[in-house]
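Pasting run-v2.cif here (mmCIF, C-alpha atoms and all ligand atoms):
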```cif
data_protein
#
loop_
_atom_site.label_atom_id
_atom_site.label_comp_id
_atom_site.auth_asym_id
_atom_site.auth_seq_id
_atom_site.Cartn_x
_atom_site.Cartn_y
_atom_site.Cartn_z
CA MET A 1 20.56 -18.60 -24.26
CA THR A 2 22.75 -15.74 -25.43
CA ASN A 3 25.94 -15.36 -27.37
CA ILE A 4 29.32 -14.28 -26.24
CA ASN A 5 30.19 -10.78 -27.12
CA ASP A 6 33.42 -11.16 -29.09
CA CYS A 7 34.29 -7.54 -28.57
CA PHE A 8 34.53 -8.01 -24.83
CA ASN A 9 38.22 -7.24 -24.70
CA ASN A 10 37.90 -4.34 -27.11
CA ALA A 11 35.74 -2.06 -25.12
CA HIS A 12 35.91 0.69 -27.73
CA GLN A 13 34.23 -1.61 -30.25
CA THR A 14 31.52 -2.85 -27.93
CA PRO A 15 28.24 -1.04 -28.43
CA LEU A 16 26.83 0.31 -25.19
CA LEU A 17 23.40 -1.05 -24.29
CA THR A 18 20.82 1.28 -22.82
CA VAL A 19 19.19 0.36 -19.51
CA GLU A 20 15.90 -0.32 -21.35
CA GLN A 21 17.56 -2.60 -23.92
CA THR A 22 19.29 -4.50 -21.13
CA LEU A 23 16.02 -4.99 -19.26
CA GLU A 24 14.26 -6.17 -22.38
CA GLN A 25 16.93 -8.79 -23.08
CA ILE A 26 16.87 -10.03 -19.48
CA LYS A 27 13.09 -10.34 -19.38
CA ASN A 28 13.00 -12.20 -22.68
CA ALA A 29 15.61 -14.67 -21.49
CA ILE A 30 13.94 -15.70 -18.23
CA GLU A 31 11.24 -18.34 -18.01
CA PRO A 32 8.86 -18.16 -15.04
CA ILE A 33 8.88 -21.14 -12.66
CA LYS A 34 5.91 -23.34 -13.57
CA SER A 35 5.70 -25.77 -10.65
CA THR A 36 3.32 -24.93 -7.83
CA ASP A 37 2.92 -25.52 -4.11
CA LYS A 38 -0.17 -25.54 -1.96
CA GLN A 39 0.47 -23.83 1.34
CA MET A 40 -1.12 -22.19 4.35
CA ILE A 41 -1.80 -18.54 3.61
CA ARG A 42 0.72 -17.17 6.12
CA ASP A 43 3.49 -19.18 4.47
CA ALA A 44 2.42 -17.79 1.10
CA LEU A 45 3.16 -14.17 2.05
CA GLY A 46 5.33 -12.61 -0.68
CA GLN A 47 4.74 -15.53 -3.06
CA THR A 48 2.88 -15.45 -6.37
CA LEU A 49 -0.63 -16.80 -6.70
CA ALA A 50 -0.81 -19.50 -9.35
CA GLU A 51 -4.62 -19.59 -9.54
CA ASN A 52 -7.46 -17.09 -9.27
CA VAL A 53 -9.13 -17.08 -5.85
CA ILE A 54 -12.93 -17.01 -5.98
CA SER A 55 -15.09 -16.21 -2.96
CA ASP A 56 -17.65 -18.79 -1.83
CA ILE A 57 -19.33 -16.24 0.42
CA ASN A 58 -20.50 -12.64 0.58
CA VAL A 59 -18.39 -10.25 2.67
CA PRO A 60 -19.94 -9.02 4.82
CA PRO A 61 -22.04 -12.18 4.94
CA HIS A 62 -25.08 -10.39 6.46
CA ARG A 63 -26.60 -6.93 6.79
CA ASN A 64 -24.95 -5.32 9.79
CA SER A 65 -24.59 -2.05 11.60
CA ALA A 66 -21.72 0.36 10.82
CA MET A 67 -22.25 2.16 14.16
CA ASP A 68 -23.12 1.70 17.80
CA GLY A 69 -26.70 2.99 17.99
CA TYR A 70 -30.32 1.95 17.42
CA ALA A 71 -31.77 -0.11 14.60
CA ILE A 72 -35.14 1.20 13.43
CA ASN A 73 -37.71 0.79 10.68
CA SER A 74 -37.33 3.93 8.50
CA GLU A 75 -41.09 4.22 7.90
CA ILE A 76 -41.30 6.00 11.27
CA LEU A 77 -39.19 8.88 9.86
CA ALA A 78 -42.29 10.10 7.97
CA SER A 79 -43.86 11.00 11.34
CA ALA A 80 -43.81 14.42 12.96
CA GLU A 81 -41.22 15.16 15.66
CA PRO A 82 -40.44 14.23 18.31
CA ILE A 83 -40.30 10.54 17.51
CA THR A 84 -40.25 8.22 20.50
CA LEU A 85 -39.38 4.54 20.17
CA ALA A 86 -39.37 1.71 22.68
CA VAL A 87 -36.09 -0.24 22.99
CA VAL A 88 -37.13 -3.90 22.80
CA GLY A 89 -33.78 -5.66 22.85
CA THR A 90 -30.07 -5.60 22.01
CA ALA A 91 -28.09 -6.93 19.04
CA PHE A 92 -24.39 -7.64 19.67
CA ALA A 93 -21.77 -8.56 17.06
CA GLY A 94 -22.08 -12.34 16.95
CA THR A 95 -25.35 -12.39 18.93
CA PRO A 96 -28.26 -11.27 16.73
CA PHE A 97 -31.60 -9.97 18.05
CA GLN A 98 -34.11 -12.62 16.94
CA GLY A 99 -37.48 -11.05 17.87
CA LYS A 100 -40.00 -8.93 15.98
CA VAL A 101 -39.60 -5.13 15.90
CA SER A 102 -42.65 -2.97 15.16
CA VAL A 103 -42.46 0.48 13.60
CA ASN A 104 -42.70 2.17 17.03
CA GLU A 105 -39.86 0.10 18.39
CA CYS A 106 -36.09 -0.10 18.02
CA VAL A 107 -33.19 -2.37 18.97
CA ARG A 108 -30.01 -1.27 20.68
CA ILE A 109 -27.30 -2.35 18.19
CA MET A 110 -23.48 -2.56 18.24
CA THR A 111 -21.06 -2.12 15.34
CA GLY A 112 -20.90 -5.32 13.27
CA ALA A 113 -24.08 -6.79 14.79
CA MET A 114 -26.57 -8.36 12.37
CA MET A 115 -29.51 -6.07 11.55
CA PRO A 116 -32.85 -7.29 12.98
CA GLN A 117 -35.05 -8.49 10.12
CA ASP A 118 -37.65 -5.72 10.54
CA CYS A 119 -35.11 -2.86 10.66
CA ASP A 120 -33.41 -1.07 7.75
CA THR A 121 -31.72 1.97 9.32
CA VAL A 122 -29.35 2.72 12.20
CA ILE A 123 -29.44 5.90 14.26
CA MET A 124 -26.05 6.73 15.78
CA GLN A 125 -26.23 6.63 19.59
CA GLU A 126 -25.04 10.28 19.68
CA ASP A 127 -28.25 11.23 17.77
CA ALA A 128 -30.63 9.52 20.22
CA GLN A 129 -31.69 10.66 23.66
CA ARG A 130 -32.29 7.69 25.87
CA SER A 131 -34.33 7.52 29.05
CA ASP A 132 -34.94 4.08 30.47
CA ASP A 133 -36.34 1.91 27.68
CA LEU A 134 -37.27 4.79 25.38
CA ILE A 135 -35.28 6.80 22.85
CA ARG A 136 -36.16 10.09 21.25
CA ILE A 137 -34.86 10.93 17.75
CA SER A 138 -35.45 13.59 15.09
CA ASN A 139 -37.01 12.70 11.73
CA GLN A 140 -33.93 14.08 9.91
CA HIS A 141 -32.35 10.74 9.07
CA LEU A 142 -31.93 8.90 5.81
CA LYS A 143 -33.34 5.48 5.12
CA ALA A 144 -30.61 2.75 5.16
CA GLN A 145 -28.01 4.99 6.81
CA ASN A 146 -25.23 3.26 8.77
CA VAL A 147 -26.13 -0.16 7.39
CA ARG A 148 -23.56 -2.36 5.64
CA HIS A 149 -24.95 -4.70 3.03
CA PRO A 150 -24.07 -8.33 2.25
CA GLY A 151 -21.41 -8.57 -0.45
CA GLU A 152 -20.62 -4.85 -0.23
CA ASP A 153 -16.88 -5.64 0.00
CA ILE A 154 -16.78 -8.99 -1.83
CA GLU A 155 -19.61 -10.66 -3.72
CA LYS A 156 -20.06 -14.41 -3.64
CA GLY A 157 -18.57 -15.84 -6.86
CA ALA A 158 -16.27 -12.85 -7.47
CA VAL A 159 -12.57 -13.24 -8.29
CA VAL A 160 -10.95 -11.77 -5.21
CA LEU A 161 -7.32 -12.22 -6.22
CA HIS A 162 -5.91 -12.95 -9.66
CA ALA A 163 -3.14 -15.39 -10.58
CA GLY A 164 0.15 -13.52 -10.87
CA LYS A 165 -0.48 -11.34 -7.82
CA GLN A 166 2.12 -11.19 -5.08
CA ILE A 167 0.43 -12.02 -1.80
CA SER A 168 0.53 -8.96 0.47
CA PRO A 169 -0.45 -8.51 4.13
CA ALA A 170 -3.82 -7.10 2.95
CA ASP A 171 -4.30 -10.25 0.85
CA LEU A 172 -3.77 -12.46 3.92
CA GLY A 173 -6.66 -10.57 5.52
CA LEU A 174 -8.75 -10.77 2.37
CA LEU A 175 -8.20 -14.52 2.05
CA SER A 176 -9.10 -15.13 5.66
CA SER A 177 -12.20 -12.90 5.34
CA ILE A 178 -13.55 -15.36 2.77
CA GLY A 179 -12.54 -18.40 4.83
CA VAL A 180 -9.64 -19.50 2.60
CA SER A 181 -6.83 -21.14 4.58
CA GLU A 182 -4.66 -22.50 1.75
CA VAL A 183 -3.59 -21.13 -1.64
CA THR A 184 -1.69 -22.44 -4.64
CA THR A 185 1.45 -20.45 -5.39
CA TYR A 186 4.38 -20.86 -7.73
CA ARG A 187 7.33 -22.55 -6.11
CA LYS A 188 9.60 -20.10 -4.33
CA PRO A 189 12.74 -19.52 -6.42
CA LYS A 190 16.10 -20.40 -4.92
CA ILE A 191 18.82 -17.84 -5.58
CA ALA A 192 22.47 -18.81 -5.13
CA PHE A 193 25.00 -16.04 -4.62
CA PHE A 194 28.65 -15.61 -3.79
CA SER A 195 31.39 -13.03 -3.75
CA THR A 196 34.68 -13.42 -5.54
CA GLY A 197 37.99 -11.81 -4.73
CA ASP A 198 41.24 -12.72 -2.93
CA GLU A 199 41.03 -9.47 -0.99
CA LEU A 200 37.67 -10.30 0.62
CA LYS A 201 37.44 -11.37 4.24
CA SER A 202 34.29 -12.60 5.94
CA LEU A 203 33.08 -11.16 9.21
CA GLY A 204 35.10 -12.42 12.17
CA GLN A 205 38.33 -12.67 10.17
CA THR A 206 41.22 -10.23 10.63
CA LEU A 207 42.10 -7.90 7.77
CA GLN A 208 45.65 -8.28 6.45
CA ALA A 209 47.34 -5.61 4.32
CA GLY A 210 45.26 -5.09 1.18
CA ASP A 211 42.18 -6.90 2.50
CA ILE A 212 38.64 -5.56 2.81
CA TYR A 213 35.51 -7.03 4.32
CA ASP A 214 33.03 -8.59 1.93
CA SER A 215 29.97 -6.34 1.97
CA ASN A 216 28.27 -7.37 -1.28
CA ARG A 217 27.10 -10.68 0.11
CA TYR A 218 25.34 -8.77 2.88
CA THR A 219 23.63 -6.16 0.71
CA LEU A 220 22.56 -8.91 -1.68
CA TYR A 221 21.30 -11.01 1.23
CA GLY A 222 19.19 -8.07 2.41
CA MET A 223 17.75 -7.24 -0.98
CA LEU A 224 17.02 -10.86 -1.87
CA LYS A 225 15.42 -11.48 1.50
CA LYS A 226 13.00 -8.63 0.80
CA MET A 227 12.17 -10.23 -2.56
CA ASP A 228 10.87 -13.30 -0.70
CA VAL A 229 13.10 -15.86 -2.32
CA GLU A 230 14.99 -18.80 -0.88
CA LEU A 231 18.66 -17.99 -0.40
CA LEU A 232 21.72 -20.12 -0.98
CA ASP A 233 24.71 -18.17 0.33
CA LEU A 234 27.86 -19.77 -1.06
CA GLY A 235 30.27 -17.44 0.73
CA VAL A 236 33.46 -15.83 -0.55
CA ILE A 237 35.27 -17.70 -3.30
CA ALA A 238 38.93 -16.84 -3.91
CA ASP A 239 40.19 -15.81 -7.33
CA ASP A 240 40.90 -19.40 -8.30
CA LYS A 241 39.69 -20.65 -11.63
CA THR A 242 38.95 -24.23 -10.55
CA LEU A 243 37.20 -23.19 -7.37
CA ILE A 244 35.02 -20.63 -9.15
CA LYS A 245 34.14 -23.13 -11.86
CA GLU A 246 33.14 -25.78 -9.32
CA THR A 247 31.09 -23.31 -7.32
CA LEU A 248 29.26 -22.08 -10.41
CA GLU A 249 28.44 -25.63 -11.49
CA ASN A 250 27.18 -26.59 -8.03
CA ALA A 251 25.08 -23.44 -7.91
CA ALA A 252 23.62 -24.19 -11.35
CA ASN A 253 22.55 -27.64 -10.15
CA SER A 254 20.80 -26.48 -7.03
CA ALA A 255 19.41 -23.01 -7.73
CA ASP A 256 16.98 -21.24 -10.07
CA MET A 257 19.30 -18.25 -10.52
CA ILE A 258 22.92 -17.46 -9.72
CA LEU A 259 24.37 -14.12 -8.75
CA THR A 260 28.05 -13.38 -8.33
CA SER A 261 29.75 -10.11 -7.58
CA GLY A 262 33.23 -9.08 -8.60
CA GLY A 263 35.62 -10.63 -11.07
CA ALA A 264 33.46 -9.89 -14.07
CA SER A 265 35.62 -7.13 -15.47
CA VAL A 266 38.88 -7.42 -17.38
CA GLY A 267 41.50 -7.47 -14.61
CA GLU A 268 44.22 -10.13 -14.48
CA ALA A 269 42.43 -12.18 -11.80
CA ASP A 270 38.92 -11.81 -13.19
CA TYR A 271 38.38 -15.49 -13.72
CA VAL A 272 34.62 -15.36 -13.68
CA SER A 273 34.52 -13.79 -17.11
CA GLU A 274 37.27 -16.06 -18.40
CA ILE A 275 35.40 -19.20 -17.32
CA LEU A 276 32.07 -18.01 -18.63
CA GLN A 277 33.44 -16.94 -21.97
CA GLU A 278 34.43 -20.58 -22.43
CA SER A 279 30.88 -21.72 -21.74
CA GLY A 280 29.61 -19.46 -24.53
CA LYS A 281 26.28 -18.79 -22.89
CA VAL A 282 27.03 -15.58 -21.09
CA ASN A 283 27.09 -12.08 -22.53
CA PHE A 284 29.37 -9.43 -21.19
CA TRP A 285 27.49 -6.25 -21.53
CA LYS A 286 28.64 -2.72 -21.26
CA ILE A 287 25.62 -0.74 -20.20
CA ALA A 288 25.40 2.99 -20.70
CA MET A 289 24.81 3.60 -17.02
CA LYS A 290 26.67 4.76 -13.95
CA PRO A 291 27.26 3.09 -11.56
CA GLY A 292 27.44 -0.47 -12.80
CA LYS A 293 28.68 -0.41 -16.36
CA PRO A 294 29.93 -4.02 -16.71
CA LEU A 295 27.30 -6.72 -16.29
CA ALA A 296 27.47 -10.35 -17.27
CA PHE A 297 24.21 -12.09 -18.03
CA GLY A 298 23.32 -15.46 -19.48
CA SER A 299 23.01 -19.02 -18.30
CA ILE A 300 25.10 -21.77 -16.74
CA ASN A 301 23.67 -25.21 -17.51
CA GLN A 302 20.30 -23.55 -18.22
CA THR A 303 20.27 -21.64 -14.94
CA PRO A 304 20.06 -17.86 -15.42
CA TYR A 305 23.22 -16.12 -14.29
CA PHE A 306 24.10 -12.54 -13.37
CA GLY A 307 27.71 -11.49 -12.95
CA LEU A 308 27.32 -8.25 -11.04
CA PRO A 309 30.11 -5.70 -10.77
CA GLY A 310 32.32 -5.79 -7.68
CA ASN A 311 31.91 -2.25 -6.46
CA PRO A 312 29.40 -2.08 -3.60
CA VAL A 313 27.16 0.66 -5.04
CA SER A 314 27.20 -0.91 -8.50
CA VAL A 315 26.08 -4.22 -7.00
CA MET A 316 23.09 -2.63 -5.34
CA ALA A 317 22.14 -0.53 -8.37
CA THR A 318 22.34 -3.44 -10.82
CA CYS A 319 20.53 -5.74 -8.40
CA TYR A 320 17.79 -3.15 -8.05
CA LEU A 321 17.43 -2.34 -11.73
CA PHE A 322 18.05 -5.73 -13.35
CA VAL A 323 17.99 -8.61 -10.86
CA GLN A 324 14.77 -7.44 -9.22
CA PRO A 325 12.70 -7.56 -12.45
CA ALA A 326 14.40 -10.84 -13.37
CA ILE A 327 13.30 -12.37 -10.06
CA SER A 328 9.79 -10.96 -10.51
CA ARG A 329 9.66 -12.73 -13.84
CA LEU A 330 11.02 -15.96 -12.35
CA LYS A 331 8.30 -15.73 -9.70
CA GLY A 332 5.61 -15.29 -12.35
CA LEU A 333 4.59 -11.89 -11.00
CA ASP A 334 2.52 -9.50 -13.06
CA ASP A 335 4.62 -6.65 -14.41
CA SER A 336 4.66 -3.80 -11.94
CA GLN A 337 5.72 -0.33 -12.93
CA GLN A 338 8.41 1.52 -11.05
CA LEU A 339 7.15 4.80 -9.64
CA SER A 340 9.02 7.70 -11.24
CA LEU A 341 8.57 11.27 -9.97
CA LYS A 342 9.75 14.76 -10.83
CA ALA A 343 11.49 16.73 -8.11
CA LYS A 344 13.42 19.98 -7.80
CA CYS A 345 17.10 19.33 -7.31
CA ILE A 346 18.36 21.67 -4.60
CA HIS A 347 22.10 21.36 -5.35
CA SER A 348 24.00 21.18 -8.61
CA LEU A 349 25.10 17.69 -9.71
CA LYS A 350 28.17 16.73 -11.70
CA LYS A 351 27.42 14.53 -14.70
CA VAL A 352 29.31 13.57 -17.84
CA ALA A 353 27.21 13.04 -20.97
CA GLY A 354 27.24 9.53 -22.46
CA ARG A 355 25.71 7.31 -19.77
CA THR A 356 22.53 7.38 -17.69
CA ASP A 357 23.46 8.26 -14.12
CA PHE A 358 21.69 6.73 -11.17
CA GLN A 359 22.92 9.14 -8.53
CA ARG A 360 21.88 8.68 -4.94
CA GLY A 361 19.41 11.20 -3.62
CA ILE A 362 17.36 12.16 -0.61
CA LEU A 363 13.80 12.96 -1.60
CA LYS A 364 11.67 15.12 0.65
CA GLN A 365 8.42 17.03 0.55
CA THR A 366 8.33 20.67 1.67
CA ALA A 367 5.60 22.12 3.89
CA THR A 368 3.85 23.36 0.73
CA GLY A 369 3.94 19.89 -0.82
CA GLU A 370 6.74 20.46 -3.32
CA LEU A 371 9.04 17.48 -3.96
CA ILE A 372 12.70 18.35 -3.56
CA VAL A 373 15.74 16.14 -3.85
CA ASP A 374 19.26 16.56 -2.57
CA THR A 375 22.41 14.64 -3.38
CA THR A 376 23.89 12.25 -0.81
CA GLY A 377 27.35 13.69 -1.55
CA LEU A 378 30.22 11.67 -3.02
CA GLN A 379 28.96 9.47 -5.84
CA GLY A 380 31.83 6.98 -6.34
CA SER A 381 30.75 3.40 -6.85
CA HIS A 382 32.66 2.43 -3.69
CA ILE A 383 30.78 4.94 -1.47
CA LEU A 384 28.34 2.53 0.17
CA THR A 385 27.26 5.15 2.71
CA SER A 386 25.52 6.90 -0.21
CA MET A 387 23.15 3.94 -0.51
CA SER A 388 22.50 3.87 3.19
CA VAL A 389 21.37 7.51 3.44
CA ALA A 390 19.59 7.64 0.06
CA ASN A 391 15.89 6.99 -0.44
CA CYS A 392 15.90 7.35 -4.23
CA PHE A 393 17.94 7.31 -7.40
CA ILE A 394 18.23 10.61 -9.25
CA VAL A 395 18.10 9.52 -12.89
CA ILE A 396 20.02 11.82 -15.21
CA PRO A 397 19.51 10.94 -18.89
CA GLN A 398 22.32 9.58 -21.04
CA ASP A 399 22.87 12.73 -23.11
CA SER A 400 22.60 15.26 -20.28
CA GLY A 401 25.53 16.96 -18.62
CA ASN A 402 25.68 18.73 -15.25
CA VAL A 403 22.46 19.55 -13.42
CA GLU A 404 22.09 23.11 -12.10
CA ALA A 405 20.59 23.78 -8.68
CA GLY A 406 16.84 24.38 -9.06
CA GLU A 407 16.45 22.17 -12.15
CA THR A 408 13.72 19.52 -12.21
CA VAL A 409 15.05 15.97 -12.26
CA GLU A 410 13.55 12.50 -12.45
CA VAL A 411 13.71 10.43 -9.28
CA LEU A 412 13.02 6.74 -8.67
CA PRO A 413 11.98 6.34 -5.02
CA PHE A 414 13.40 3.11 -3.61
CA ASN A 415 10.78 0.46 -3.13
CA GLY A 416 11.00 -1.76 -0.06
CA ILE A 417 14.02 -3.78 -1.16
CA ILE A 418 16.85 -1.34 -0.43
P1 LIG B 501 36.29 -6.55 -9.29
O1 LIG B 501 35.05 -6.48 -10.12
O2 LIG B 501 36.50 -7.89 -8.71
O3 LIG B 501 37.46 -6.03 -10.04
O4 LIG B 501 36.04 -5.57 -8.06
C1 LIG B 501 35.85 -4.18 -8.22
C2 LIG B 501 35.98 -3.47 -6.87
O5 LIG B 501 34.97 -3.90 -5.99
C3 LIG B 501 37.29 -3.74 -6.15
O6 LIG B 501 37.68 -2.55 -5.47
C4 LIG B 501 36.90 -4.82 -5.17
O7 LIG B 501 37.79 -4.87 -4.05
C5 LIG B 501 35.51 -4.42 -4.78
N1 LIG B 501 34.74 -5.57 -4.35
C6 LIG B 501 34.57 -6.70 -5.06
N2 LIG B 501 33.82 -7.58 -4.39
C7 LIG B 501 33.47 -6.98 -3.22
C8 LIG B 501 32.69 -7.38 -2.10
N3 LIG B 501 32.11 -8.58 -2.07
N4 LIG B 501 32.55 -6.52 -1.07
C9 LIG B 501 33.14 -5.31 -1.12
N5 LIG B 501 33.87 -4.87 -2.15
C10 LIG B 501 34.06 -5.68 -3.20
MG MG B 502 37.91 -8.98 -7.86
#
```

Structure encoded using structure tokens:
Amino acid sequence: MTNINDCFNNAHQTPLLTVEQTLEQIKNAIEPIKSTDKQMIRDALGQTLAENVISDINVPPHRNSAMDGYAINSEILASAEPITLAVVGTAFAGTPFQGKVSVNECVRIMTGAMMPQDCDTVIMQEDAQRSDDLIRISNQHLKAQNVRHPGEDIEKGAVVLHAGKQISPADLGLLSSIGVSEVTTYRKPKIAFFSTGDELKSLGQTLQAGDIYDSNRYTLYGMLKKMDVELLDLGVIADDKTLIKETLENAANSADMILTSGGASVGEADYVSEILQESGKVNFWKIAMKPGKPLAFGSINQTPYFGLPGNPVSVMATCYLFVQPAISRLKGLDDSQQLSLKAKCIHSLKKVAGRTDFQRGILKQTATGELIVDTTGLQGSHILTSMSVANCFIVIPQDSGNVEAGETVEVLPFNGII
């Protein structure tokens, strides 16, 4: 898929990729999953529609009342006041009034009830004075008011949802409103992931000197879960060349994408990069961004592979910026644009020119509606608390230096996956 970067061990010779260039290369390299599944709509939540959905019915299917009130024939509104009408029956939602209604008559009607055939207008009950079987109304009403028309929401024959759309909670409602119980979606991708590092202990184990708990597998689990994919958690793999190789090959056989964290840099025990350089299908990129400069990307036996950095913040940032669009592409989703906003930065920020910073920020709106953003504090790529309190990235362009308090900055509000 891609070629090895020969300059990998000579960082000074390796050109830095911009974030945009990296994204472009990733998107071009990933083929959407083509196979489809037919499933009940609830099971399709978060999946990608593989076919357009066309409505066989009008929604609403019949003329109905938007209010609790009285259905009348609007011709009577041409009369002088006061207008008195006889109440000749009641229409409930699901139980229509079937009889005739003359111009001097009306029908008590509830919200959602079918309009009687002879009526075209609904008077809100608050605008009618009732005594026994008579109501009195003014003539100051508009013809057709408070009436919902067939097909007003969805017309019979209309494309309600397009192929490539991710099925949302609103879509589940929409599909059921047109009587659709099953949809065809692209097969859910299976993402294999594991952590590498001799120092990593899983939950429940005791930390020995030099050990830390594996957190990347948990942040990745959370983010992937929110991307509605199938997960294959392969655990913590020690820094052992044979073991890593075996695990990668197994993952390539059973998953649609593989993610690893750690071991992709140039340390003595960074076997992931060593193994993958031999395969010749993985690039080791240096991206002009902070956090998350080293990133491996390519394929293992045709399965797309991401070697994410080991540091906890870098893992989340690279997963957000690069893995997320890659999974969207794998799922066959239409391109969606990240929301980017301008906000006033209320504290100064340290920044060295040369890389694009994705600093962690807390975005708020003042009482007057102004967007302001504050830093989360320490910005090291090991400060995972910064991700927990943040609700956005503050994006500081590659060539910029420090940000002064009061300057306007670009912010990327986190979408639902962090
Ligand atoms: P590496 O890329 O393996 O050199 O790791 C870079 C840094 O990230 C080191 O401080 C590692 O201990 C740390 N690290 C790597 N993997 C994990 C993980 N799964 N959870 C927490 N920290 C990690
Ligand atoms: Mg390591």

- Who sits within 12 Å of Gln117 of chain A, only C-alpha atoms, same chain under 6 positions skipped, as a ChimeraX atom specification: /A:62-64,71-73,91,96-102,106-107

- Message: Which residue is closest to Val272 of chain A? Choose from A:Leu175, A:Met289, A:Ile191, A:Leu248 and count all atoms listed in the file.
- Response: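 Among the listed residues, A:Leu248 lies closest to Val272 of chain A.
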
- Message: For a quick check of understanding, using all atoms listed in the file, which of A:Glu249, A:Asp233, A:Glu199, A:Asp228 has the smallest distance to Asp43 of chain A?
- Response: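 Checking each of A:Glu249, A:Asp233, A:Glu199, A:Asp228 against Asp43 of chain A, counting all atoms listed in the file, the winner is A:Asp228.
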
Residue neighbourhood Arg108 of chain A, 12 Å, all atoms listed in the file, exclusion window fewer than 3 positions, as a PDB file with C-alpha atoms, keeping the file's coordinate frame:
```pdb
ATOM      1  CA  SER A  65     -24.590  -2.050  11.600  1.00  0.00           C
ATOM      2  CA  MET A  67     -22.250   2.160  14.160  1.00  0.00           C
ATOM      3  CA  ASP A  68     -23.120   1.700  17.800  1.00  0.00           C
ATOM      4  CA  GLY A  69     -26.700   2.990  17.990  1.00  0.00           C
ATOM      5  CA  TYR A  70     -30.320   1.950  17.420  1.00  0.00           C
ATOM      6  CA  ALA A  71     -31.770  -0.110  14.600  1.00  0.00           C
ATOM      7  CA  ILE A  72     -35.140   1.200  13.430  1.00  0.00           C
ATOM      8  CA  LEU A  85     -39.380   4.540  20.170  1.00  0.00           C
ATOM      9  CA  ALA A  86     -39.370   1.710  22.680  1.00  0.00           C
ATOM     10  CA  VAL A  87     -36.090  -0.240  22.990  1.00  0.00           C
ATOM     11  CA  VAL A  88     -37.130  -3.900  22.800  1.00  0.00           C
ATOM     12  CA  GLY A  89     -33.780  -5.660  22.850  1.00  0.00           C
ATOM     13  CA  THR A  90     -30.070  -5.600  22.010  1.00  0.00           C
ATOM     14  CA  ALA A  91     -28.090  -6.930  19.040  1.00  0.00           C
ATOM     15  CA  PHE A  92     -24.390  -7.640  19.670  1.00  0.00           C
ATOM     16  CA  ALA A  93     -21.770  -8.560  17.060  1.00  0.00           C
ATOM     17  CA  PRO A  96     -28.260 -11.270  16.730  1.00  0.00           C
ATOM     18  CA  PHE A  97     -31.600  -9.970  18.050  1.00  0.00           C
ATOM     19  CA  VAL A 101     -39.600  -5.130  15.900  1.00  0.00           C
ATOM     20  CA  GLU A 105     -39.860   0.100  18.390  1.00  0.00           C
ATOM     21  CA  THR A 111     -21.060  -2.120  15.340  1.00  0.00           C
ATOM     22  CA  ALA A 113     -24.080  -6.790  14.790  1.00  0.00           C
ATOM     23  CA  MET A 114     -26.570  -8.360  12.370  1.00  0.00           C
ATOM     24  CA  MET A 115     -29.510  -6.070  11.550  1.00  0.00           C
ATOM     25  CA  PRO A 116     -32.850  -7.290  12.980  1.00  0.00           C
ATOM     26  CA  CYS A 119     -35.110  -2.860  10.660  1.00  0.00           C
ATOM     27  CA  THR A 121     -31.720   1.970   9.320  1.00  0.00           C
ATOM     28  CA  VAL A 122     -29.350   2.720  12.200  1.00  0.00           C
ATOM     29  CA  ILE A 123     -29.440   5.900  14.260  1.00  0.00           C
ATOM     30  CA  MET A 124     -26.050   6.730  15.780  1.00  0.00           C
ATOM     31  CA  GLN A 125     -26.230   6.630  19.590  1.00  0.00           C
ATOM     32  CA  ALA A 128     -30.630   9.520  20.220  1.00  0.00           C
ATOM     33  CA  ARG A 130     -32.290   7.690  25.870  1.00  0.00           C
ATOM     34  CA  ASP A 133     -36.340   1.910  27.680  1.00  0.00           C
ATOM     35  CA  LEU A 134     -37.270   4.790  25.380  1.00  0.00           C
ATOM     36  CA  ILE A 135     -35.280   6.800  22.850  1.00  0.00           C
TER      37      ILE A 135
END
```

- Message: What residues of the protein or nucleic acid chains come within 7 Å of ligand LIG 501 (chain B) when you use only C-alpha atoms and all ligand atoms? Reply as a list of chain:residue names.
- Response: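 If we count only C-alpha atoms and all ligand atoms, the neighbours of ligand LIG 501 (chain B) turn out to be A:Ser195, A:Thr196, A:Gly197, A:Glu199, A:Leu200, A:Ile212, A:Tyr213, A:Asp214, A:Ser215, A:Asn216, A:Arg217, A:Ser261, A:Gly262, A:Gly263, A:Ala264, A:Ser265, A:Gly267, A:Asp270, A:Pro309, A:Gly310, A:Asn311, A:Pro312.
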
- Message: Show me the residues close to (21.7, -13.6, -12.7) - anything with an atom within 7 Å, counting all atoms listed in the file - and format the list as a PyMOL selection string.
- Response: chain A and resi 257-259+297+304-307+323

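Taking atom CA of Leu363 of chain A and atom CA of Lys290 of chain A as the two end points, the separation is 19.6 Å.
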
- Rounded to one decimal in Å, what is the spacing between atom CA of Ile346 of chain A and atom CA of Ser400 of chain A? 17.5 Å

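Taking all atoms listed in the file, the non-local environment of Ile54 of chain A within 8 Å (same-chain residues fewer than 2 positions away omitted) comprises Asn52, Asp56, Lys156, Gly157, Ala158, Val159, Val160 and Leu161 of chain A.
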
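Between atom CA of Asn253 of chain A and atom CA of Leu203 of chain A the separation is 27.5 Å.
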
- Query: With only C-alpha atoms and all ligand atoms as the atoms that count, which of A:Glu51, A:Asp239, A:Glu278, A:Asp357 lies nearest to ligand MG 502 (chain B)?
  - Reply: A:Asp239

- Task: Counting only C-alpha atoms, figure out which residue out of A:Asn301, A:Phe414, A:Lys286, A:His347 gets nearest to Met387 of chain A.
- Result: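 Closest candidate: A:Phe414.
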
- Query: Of the candidates A:Ser176, A:Ser328, A:Leu349, A:Ala269, which one gets nearest to ligand MG 502 (chain B) if we count only C-alpha atoms and all ligand atoms?
  - Reply: A:Ala269
